[in-house]
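Structure file work09.txt (compact mmCIF, C-alpha atoms and all ligand atoms) is printed below.
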```txt
# COMPACT_ATOMS: atom_id res chain seq x y z
CA MET A 1484 20.42 84.01 90.29
CA ASN A 1485 21.20 80.37 89.57
CA LYS A 1486 24.08 78.46 88.08
CA SER A 1487 22.71 78.56 84.57
CA SER A 1488 22.36 82.33 84.57
CA GLN A 1489 25.08 84.32 82.92
CA ILE A 1490 26.18 87.55 84.49
CA PRO A 1491 27.48 89.63 81.57
CA ASN A 1492 24.85 91.50 79.56
CA LYS A 1493 24.85 91.90 75.80
CA LYS A 1494 26.54 95.27 76.27
CA ILE A 1495 29.33 96.14 78.66
CA ALA A 1496 30.83 99.63 78.81
CA PHE A 1497 34.60 100.02 78.88
CA LEU A 1498 36.29 103.30 79.64
CA THR A 1499 39.83 103.20 78.38
CA LYS A 1500 42.48 104.82 76.27
CA HIS A 1501 45.38 103.15 74.53
CA GLY A 1502 43.53 100.42 72.65
CA LYS A 1503 42.86 97.98 75.49
CA GLU A 1504 39.32 97.35 74.18
CA ALA A 1505 40.84 95.57 71.16
CA LEU A 1506 42.54 93.08 73.49
CA LEU A 1507 39.46 92.35 75.61
CA SER A 1508 36.59 92.53 73.09
CA PRO A 1509 37.30 89.11 71.51
CA ILE A 1510 37.43 87.41 74.94
CA PHE A 1511 33.97 88.74 75.91
CA ALA A 1512 32.51 88.16 72.46
CA ASN A 1513 33.66 84.54 72.37
CA THR A 1514 32.61 83.64 75.91
CA TYR A 1515 29.35 85.57 76.38
CA ASN A 1516 28.55 87.02 73.00
CA SER A 1517 28.82 90.36 74.79
CA GLN A 1518 29.74 93.50 72.98
CA ILE A 1519 32.17 95.93 74.54
CA GLN A 1520 30.97 99.50 74.21
CA HIS A 1521 34.12 101.56 74.23
CA THR A 1522 34.08 105.09 75.58
CA ASN A 1523 36.84 107.63 76.07
CA ALA A 1524 34.50 110.41 77.18
CA PHE A 1525 36.62 110.87 80.27
CA ASP A 1526 40.38 111.33 80.22
CA THR A 1527 41.59 108.39 82.34
CA ASP A 1528 45.09 109.84 82.44
CA THR A 1529 43.79 112.37 84.96
CA LEU A 1530 43.59 109.42 87.40
CA GLY A 1531 47.30 108.69 86.90
CA SER A 1532 49.53 108.19 83.89
CA PHE A 1533 52.64 106.22 82.93
CA ASP A 1534 54.62 109.22 81.69
CA HIS A 1535 55.35 110.61 85.16
CA VAL A 1536 53.01 113.56 84.53
CA THR A 1537 50.15 112.57 86.82
CA GLU A 1538 50.68 110.53 89.98
CA ARG A 1539 47.94 108.04 90.79
CA LYS A 1540 46.20 108.83 94.12
CA LEU A 1541 44.07 105.70 94.48
CA SER A 1542 45.43 102.16 94.54
CA ALA A 1543 45.55 100.42 91.16
CA ALA A 1544 42.58 98.19 92.11
CA GLN A 1545 40.53 101.21 93.27
CA THR A 1546 41.41 103.09 90.08
CA ALA A 1547 40.21 100.17 87.94
CA LEU A 1548 36.92 100.09 89.90
CA LYS A 1549 36.46 103.83 89.58
CA LYS A 1550 36.92 103.62 85.80
CA ALA A 1551 34.36 100.79 85.62
CA TYR A 1552 31.74 102.90 87.45
CA LEU A 1553 32.58 105.93 85.29
CA ALA A 1554 32.09 103.76 82.18
CA CYS A 1555 28.56 102.92 83.38
CA GLU A 1556 27.74 106.56 84.11
CA LEU A 1557 29.04 107.85 80.78
CA THR A 1558 27.24 105.25 78.67
CA HIS A 1559 24.12 104.53 80.82
CA CYS A 1560 25.07 100.84 80.79
CA SER A 1561 24.48 98.89 84.00
CA GLN A 1562 27.70 96.92 83.54
CA GLY A 1563 31.14 98.37 83.10
CA LEU A 1564 34.82 97.50 82.87
CA GLY A 1565 37.83 99.48 83.99
CA SER A 1566 41.49 98.57 83.82
CA GLU A 1567 44.67 99.76 85.41
CA GLY A 1568 48.26 98.62 85.16
CA SER A 1569 51.05 99.10 87.61
CA ILE A 1570 54.72 98.65 86.78
CA SER A 1571 57.16 98.26 89.62
CA SER A 1572 60.84 97.50 89.86
CA LEU A 1573 61.95 93.97 90.82
CA PHE A 1574 65.13 95.09 92.57
CA GLY A 1575 67.49 95.16 89.63
CA ILE A 1576 66.28 91.97 87.95
CA GLY A 1577 63.61 93.62 85.83
CA LEU A 1578 60.08 94.92 86.12
CA LEU A 1579 56.85 93.50 87.42
CA ASP A 1580 53.68 94.27 85.49
CA GLU A 1581 50.55 94.02 87.62
CA GLU A 1582 47.32 94.37 85.64
CA PHE A 1583 43.90 94.93 87.20
CA LEU A 1584 40.57 94.55 85.45
CA ALA A 1585 37.41 95.58 87.29
CA PHE A 1586 33.90 94.50 86.42
CA VAL A 1587 30.89 96.17 88.00
CA ASP A 1588 27.19 95.46 87.70
CA THR A 1589 25.34 98.42 89.17
CA GLN A 1590 21.96 96.64 89.07
CA ASN A 1591 23.02 93.47 90.87
CA ASN A 1592 25.69 95.06 93.08
CA ILE A 1593 28.57 93.02 91.74
CA GLU A 1594 32.16 94.20 91.98
CA ILE A 1595 35.02 91.99 90.85
CA VAL A 1596 38.63 93.07 90.46
CA ALA A 1597 40.73 90.51 88.61
CA ARG A 1598 44.50 90.73 88.98
CA VAL A 1599 47.42 89.13 87.19
CA GLN A 1600 51.08 89.87 87.71
CA GLN A 1601 54.01 88.85 85.58
CA PRO A 1602 57.63 89.98 85.21
CA ILE A 1603 58.40 91.82 81.99
CA LYS A 1604 61.78 92.29 80.36
CA LEU A 1605 62.05 96.03 79.74
CA GLY A 1606 64.12 98.84 81.08
CA PRO A 1607 65.61 102.26 80.34
CA ILE A 1608 68.32 102.72 77.74
CA ASP A 1609 71.15 105.21 77.65
CA ALA A 1610 73.45 105.42 74.67
CA LYS A 1611 76.43 107.55 73.73
CA HIS A 1612 76.18 106.97 69.98
CA LYS A 1613 73.93 105.51 67.33
CA ASP A 1614 75.51 102.03 67.23
CA GLU A 1615 75.15 101.64 70.96
CA LEU A 1616 71.53 102.77 70.73
CA TYR A 1617 70.82 100.25 67.98
CA ASP A 1618 72.44 97.42 69.94
CA LYS A 1619 70.49 98.23 73.05
CA LEU A 1620 67.16 98.67 71.24
CA SER A 1621 67.58 95.30 69.52
CA MET A 1622 67.68 93.57 72.92
CA PHE A 1623 63.94 94.28 73.18
CA GLU A 1624 60.94 93.45 71.00
CA HIS A 1625 60.89 95.40 67.79
CA ASN A 1626 57.29 96.61 68.29
CA GLN A 1627 57.99 98.05 71.73
CA TYR A 1628 57.75 101.87 71.55
CA TRP A 1629 59.88 104.32 73.51
CA MET A 1630 59.90 107.72 75.20
CA LEU A 1631 62.86 110.03 74.63
CA LYS A 1632 63.95 112.45 77.32
CA THR A 1633 64.33 115.95 75.89
CA MET A 1634 64.95 119.41 77.35
CA ASP A 1635 61.19 120.02 77.34
CA GLY A 1636 60.12 116.70 78.83
CA TRP A 1637 59.31 113.43 77.11
CA GLU A 1638 58.77 112.74 73.44
CA LYS A 1639 56.42 109.76 73.51
CA GLY A 1640 55.29 106.91 71.25
CA LEU A 1641 58.52 106.53 69.27
CA SER A 1642 59.01 103.38 67.22
CA VAL A 1643 62.44 101.83 66.75
CA SER A 1644 62.49 102.72 63.04
CA HIS A 1645 61.49 106.31 63.84
CA LEU A 1646 64.27 106.57 66.41
CA MET A 1647 66.88 105.17 64.03
CA ALA A 1648 65.82 107.55 61.25
CA GLN A 1649 65.92 110.62 63.51
CA THR A 1650 68.95 112.86 64.02
CA LEU A 1651 69.51 112.58 67.73
CA THR A 1652 71.77 114.55 70.01
CA PHE A 1653 73.84 112.04 71.96
CA PRO A 1654 74.00 110.94 74.72
CA VAL A 1655 70.33 109.94 74.79
CA TYR A 1656 68.14 108.52 77.52
CA LEU A 1657 65.06 106.47 76.69
CA GLU A 1658 62.38 104.78 78.74
CA PRO A 1659 59.86 102.22 77.49
CA ASP A 1660 56.47 103.67 76.52
CA PHE A 1661 54.29 101.54 78.77
CA ARG A 1662 50.95 102.59 77.25
CA ALA A 1663 49.14 99.41 76.28
CA MET A 1664 49.13 99.88 72.49
CA TYR A 1665 52.87 100.53 72.54
CA CYS A 1666 53.90 97.73 74.88
CA PRO A 1667 53.49 94.16 73.55
CA GLN A 1668 54.56 92.57 76.84
CA ARG A 1669 51.80 94.42 78.71
CA GLN A 1670 49.29 93.31 76.07
CA VAL A 1671 50.01 89.68 76.99
CA VAL A 1672 49.35 90.36 80.69
CA ILE A 1673 46.17 92.36 79.89
CA SER A 1674 44.78 89.42 77.91
CA LYS A 1675 45.58 87.14 80.85
CA VAL A 1676 43.74 89.38 83.32
CA GLY A 1677 40.77 89.28 80.92
CA GLU A 1678 40.80 85.47 81.09
CA ASN A 1679 41.03 85.64 84.88
CA LEU A 1680 37.98 87.91 85.03
CA ILE A 1681 36.00 85.58 82.76
CA GLN A 1682 36.86 82.67 85.04
CA ARG A 1683 35.58 84.54 88.08
CA LEU A 1684 32.44 85.71 86.26
CA SER A 1685 31.75 82.05 85.45
CA SER A 1686 32.28 80.59 88.94
CA PHE A 1687 29.24 80.41 91.22
CA CYS A 1688 29.18 79.60 94.94
CA PRO A 1689 27.63 76.14 95.56
CA GLN A 1690 25.98 77.47 98.73
CA CYS A 1691 24.56 80.93 97.89
CA ALA A 1692 24.90 80.85 94.07
CA LYS A 1693 26.61 84.25 93.94
CA VAL A 1694 29.26 84.86 91.33
CA ASP A 1695 33.04 85.19 91.95
CA TYR A 1696 33.65 81.90 93.79
CA SER A 1697 37.41 82.15 93.60
CA PRO A 1698 40.68 81.17 95.37
CA GLU A 1699 41.36 84.93 95.32
CA HIS A 1700 39.17 85.23 98.47
CA ALA A 1701 40.82 82.40 100.41
CA LYS A 1702 42.75 83.31 103.52
CA ALA A 1703 46.38 82.23 103.39
CA THR A 1704 47.02 79.76 106.20
CA TYR A 1705 50.11 77.75 107.06
CA LEU A 1706 50.11 74.03 107.84
CA LEU A 1707 50.98 73.08 111.43
CA CYS A 1708 54.14 71.08 112.02
CA GLU A 1709 53.66 67.30 112.31
CA ILE A 1710 55.98 67.20 115.36
CA CYS A 1711 55.69 70.42 117.36
CA THR A 1712 52.35 71.75 115.94
CA LEU A 1713 53.73 75.27 115.40
CA PRO A 1714 52.94 76.87 112.02
CA THR A 1715 55.41 75.84 109.30
CA ASN A 1716 56.40 77.80 106.17
CA GLN A 1717 54.24 75.43 104.12
CA MET A 1718 51.11 77.11 102.83
CA GLN A 1719 47.77 75.37 102.65
CA PRO A 1720 46.58 75.27 99.02
CA LEU A 1721 44.19 78.17 98.34
CA ARG A 1722 40.66 76.86 97.77
CA PRO A 1723 37.88 78.63 95.90
CA THR A 1724 36.03 80.75 98.47
CA CYS A 1725 32.81 82.78 98.25
CA SER A 1726 33.30 86.49 98.83
CA TYR A 1727 29.68 86.87 99.98
CA CYS A 1728 28.98 83.97 102.35
CA GLY A 1729 32.54 82.76 102.95
CA TYR A 1730 31.77 79.20 101.86
CA HIS A 1731 34.62 77.00 100.73
CA GLN A 1732 34.77 73.30 100.12
CA THR A 1733 36.78 71.21 102.58
CA ASP A 1734 38.68 68.29 101.22
CA LEU A 1735 38.63 65.43 103.75
CA ASN A 1736 41.69 63.76 102.25
CA GLU A 1737 43.66 66.93 102.47
CA CYS A 1738 46.88 66.85 104.45
CA LYS A 1739 46.31 68.83 107.64
CA THR A 1740 49.87 68.85 108.95
CA GLY A 1741 53.05 70.26 107.50
CA SER A 1742 56.42 68.57 107.22
CA ALA A 1743 58.90 69.25 110.02
CA PHE A 1744 61.35 70.05 107.21
CA TYR A 1745 59.54 73.38 106.76
CA CYS A 1746 59.36 74.10 110.50
CA ASN A 1747 61.52 76.93 111.84
CA PHE A 1748 61.51 75.32 115.28
CA CYS A 1749 62.28 71.67 114.35
CA ASN A 1750 64.52 72.50 111.40
CA PRO A 1751 65.97 75.92 112.10
ZN ZN B 1801 28.36 81.99 98.80
ZN ZN B 1802 58.10 71.69 114.32
```
Show me this structure written as structure tokens.
Ligand SMILES: [Zn+2]
Ligand SMILES: [Zn+2]
Amino acid sequence: MNKSSQIPNKKIAFLTKHGKEALLSPIFANTYNSQIQHTNAFDTDTLGSFDHVTERKLSAAQTALKKAYLACELTHCSQGLGSEGSISSLFGIGLLDEEFLAFVDTQNNIEIVARVQQPIKLGPIDAKHKDELYDKLSMFEHNQYWMLKTMDGWEKGLSVSHLMAQTLTFPVYLEPDFRAMYCPQRQVVISKVGENLIQRLSSFCPQCAKVDYSPEHAKATYLLCEICTLPTNQMQPLRPTCSYCGYHQTDLNECKTGSAFYCNFCNP
């Protein structure tokens, strides 16, 4: 494998529901002229779902990898993609959307899991009457869809216009429908994780020429205080690092010591 070689094949399998292939296909087509072969021959919701029905057992990164391998198996492609999102609470100030996108190449033993996280402005709504519901819904994007809590569980995939046209029994409780095709804010983060994966697929180690030469593999280290030489709170910038041979470039002009301002000992 050398620098001029491109990793992605003409065909890459992608196991997904919820329309994520539409977000990622253009990115792969434009960069590599690769075609995404979409499959939904396996119900990915059995690995965990956003509607509280199935808890995810693996980590989000492991789930994305598992889906990528399943995509290869189901389609007999040697390269596959799998994605997984994880929404967590940011302690009262909103939600954090963490999106993972795994790429595997079963012939060349390549595994890359790209990750992007970004806060999103979404949250549950409760309303005692229609006006209150309308006011609260209009605080969010119009093309965000919702789930309505009912006696029998959740009614999913409800658009704002559908909700306003329906006869509802108040008070109502709604949660955002986080499935990708219903959640425009997630779509933005999914596109970003696609770009991140492309970047890593296009970065080769100068020493061993393997792919995925990325700051993602750098170890976080703290600069040592200029006065007392204890570690400060100042982080060393993360440099691209090879996940195979560990190579990373060292910058000779780089500042090796941290400011005493960031030292817990000198400036408590
Ligand atoms: Zn290397
Ligand atoms: Zn110090």
Which residues of chain A come within 7 Å of ligand ZN 1801 (chain B), and what is each one's closest atom pair and distance in Å (one decimal), counting all atoms listed in the file, sorted by chain and residue number, as JSON lines?
```
{"residue": "A:Cys1688", "atom": "CA", "partner": "B:ZN1801", "partner_atom": "ZN", "distance": 4.6}
{"residue": "A:Pro1689", "atom": "CA", "partner": "B:ZN1801", "partner_atom": "ZN", "distance": 6.7}
{"residue": "A:Gln1690", "atom": "CA", "partner": "B:ZN1801", "partner_atom": "ZN", "distance": 5.1}
{"residue": "A:Cys1691", "atom": "CA", "partner": "B:ZN1801", "partner_atom": "ZN", "distance": 4.0}
{"residue": "A:Ala1692", "atom": "CA", "partner": "B:ZN1801", "partner_atom": "ZN", "distance": 6.0}
{"residue": "A:Lys1693", "atom": "CA", "partner": "B:ZN1801", "partner_atom": "ZN", "distance": 5.6}
{"residue": "A:Cys1725", "atom": "CA", "partner": "B:ZN1801", "partner_atom": "ZN", "distance": 4.6}
{"residue": "A:Ser1726", "atom": "CA", "partner": "B:ZN1801", "partner_atom": "ZN", "distance": 6.7}
{"residue": "A:Tyr1727", "atom": "CA", "partner": "B:ZN1801", "partner_atom": "ZN", "distance": 5.2}
{"residue": "A:Cys1728", "atom": "CA", "partner": "B:ZN1801", "partner_atom": "ZN", "distance": 4.1}
{"residue": "A:Gly1729", "atom": "CA", "partner": "B:ZN1801", "partner_atom": "ZN", "distance": 5.9}
{"residue": "A:Tyr1730", "atom": "CA", "partner": "B:ZN1801", "partner_atom": "ZN", "distance": 5.4}
```
Could those selected residues go to a file with C-alpha atoms, as an mmCIF file, keeping the file's coordinate frame?
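The resulting file, part_31.cif, is shown below:
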```cif
data_model
loop_
_atom_site.group_PDB
_atom_site.id
_atom_site.type_symbol
_atom_site.label_atom_id
_atom_site.label_comp_id
_atom_site.auth_asym_id
_atom_site.auth_seq_id
_atom_site.Cartn_x
_atom_site.Cartn_y
_atom_site.Cartn_z
ATOM 1 C CA CYS A 1688 29.180 79.600 94.940
ATOM 2 C CA PRO A 1689 27.630 76.140 95.560
ATOM 3 C CA GLN A 1690 25.980 77.470 98.730
ATOM 4 C CA CYS A 1691 24.560 80.930 97.890
ATOM 5 C CA ALA A 1692 24.900 80.850 94.070
ATOM 6 C CA LYS A 1693 26.610 84.250 93.940
ATOM 7 C CA CYS A 1725 32.810 82.780 98.250
ATOM 8 C CA SER A 1726 33.300 86.490 98.830
ATOM 9 C CA TYR A 1727 29.680 86.870 99.980
ATOM 10 C CA CYS A 1728 28.980 83.970 102.350
ATOM 11 C CA GLY A 1729 32.540 82.760 102.950
ATOM 12 C CA TYR A 1730 31.770 79.200 101.860
#
```
Protein and nucleic acid residues within 6 Å of ligand ZN 1802 (chain B) (all atoms listed in the file) as a ChimeraX atom specification = /A:1708,1710-1713,1743,1746,1748-1749
Quick one: residues within 8 Å of stretch 1595-1609 of chain A, only C-alpha atoms counted, chain neighbours fewer than 5 positions away excluded, as an MDAnalysis selection string?
-> chainID A and resid 1544 1547:1548 1577:1587 1616 1619:1620 1623 1654:1659 1668:1669 1672 1675:1677 1679:1680 1683 1695
Top pick for closest residue to A:Gly1565, considering A:Thr1529, A:Ser1621, A:Ser1642, A:Thr1499 and counting only C-alpha atoms | A:Thr1499
Using only C-alpha atoms, find the one residue out of A:Pro1509, A:Glu1538, A:Lys1503, A:Glu1737 that sits nearest to A:Tyr1665.
->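 With only C-alpha atoms as the atom set, the closest residue is A:Lys1503.
Atom CA of A:Pro1720 lies 27.0 Å from atom CA of A:Ser1571.
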Quick one: distance from atom CA of A:Thr1537 to atom CA of A:His1521 in Å, one decimal?
-> 23.2 Å
Return the single residue from A:Gly1502, A:Gly1563, A:Gly1568, A:Pro1723 that is closest to A:Phe1661, with distances computed using all atoms listed in the file.
-> A:Gly1568
Atom-to-atom span, atom CA of A:Ser1742 and atom CA of A:Ser1697, Å =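 Atom-to-atom, atom CA of A:Ser1742 to atom CA of A:Ser1697, that is 27.0 Å.
With only C-alpha atoms as the basis for measurement, A:Ser1674 is the residue among A:Ser1674, A:Ser1542, A:Asn1716, A:Ser1566 that approaches A:Ala1505 most closely.
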A:Asn1591: which residues within 10 Å, counting all atoms listed in the file, same-chain residues fewer than 4 positions away excluded, as a ChimeraX atom specification?
-> /A:1484,1490,1561-1562,1587
Would you mind listing what lies within 12 Å of A:His1559 as a list in words, with only C-alpha atoms counted and same-chain residues fewer than 3 positions away left out?
->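 Here the qualifying residues turn out to be Lys1494, Ile1495, Ala1496, Phe1497, Gln1520, Thr1522, Ala1551, Tyr1552, Leu1553, Ala1554, Cys1555, Glu1556, Gln1562, Gly1563, Asp1588, Thr1589 and Gln1590 of chain A.
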Keeping only C-alpha atoms, write the selected residues as a PDB file, keeping the file's coordinate frame.
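Saved as again-v3.pdb:
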```pdb
ATOM      1  CA  LYS A1494      26.540  95.270  76.270  1.00  0.00           C
ATOM      2  CA  ILE A1495      29.330  96.140  78.660  1.00  0.00           C
ATOM      3  CA  ALA A1496      30.830  99.630  78.810  1.00  0.00           C
ATOM      4  CA  PHE A1497      34.600 100.020  78.880  1.00  0.00           C
ATOM      5  CA  GLN A1520      30.970  99.500  74.210  1.00  0.00           C
ATOM      6  CA  THR A1522      34.080 105.090  75.580  1.00  0.00           C
ATOM      7  CA  ALA A1551      34.360 100.790  85.620  1.00  0.00           C
ATOM      8  CA  TYR A1552      31.740 102.900  87.450  1.00  0.00           C
ATOM      9  CA  LEU A1553      32.580 105.930  85.290  1.00  0.00           C
ATOM     10  CA  ALA A1554      32.090 103.760  82.180  1.00  0.00           C
ATOM     11  CA  CYS A1555      28.560 102.920  83.380  1.00  0.00           C
ATOM     12  CA  GLU A1556      27.740 106.560  84.110  1.00  0.00           C
ATOM     13  CA  GLN A1562      27.700  96.920  83.540  1.00  0.00           C
ATOM     14  CA  GLY A1563      31.140  98.370  83.100  1.00  0.00           C
ATOM     15  CA  ASP A1588      27.190  95.460  87.700  1.00  0.00           C
ATOM     16  CA  THR A1589      25.340  98.420  89.170  1.00  0.00           C
ATOM     17  CA  GLN A1590      21.960  96.640  89.070  1.00  0.00           C
TER      18      GLN A1590
END
```
Each side padded by 4 Å, which centre and which edge lengths in Å (one decimal) define the axis-aligned box around the listed atoms of stretch 1588-1596 of chain A? Give them as JSON.
```
{"center_x": 30.3, "center_y": 95.2, "center_z": 90.4, "size_x": 24.7, "size_y": 14.4, "size_z": 13.4}
```
From the list A:Thr1558, A:Thr1740, A:Gln1670, A:Ser1686, the nearest residue to A:Ala1524 using only C-alpha atoms is A:Thr1558
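Closest approach to A:Ala1663 from the set A:His1612, A:His1645, A:Lys1550, A:Lys1500 is made by A:Lys1500, with distances taken over all atoms listed in the file.
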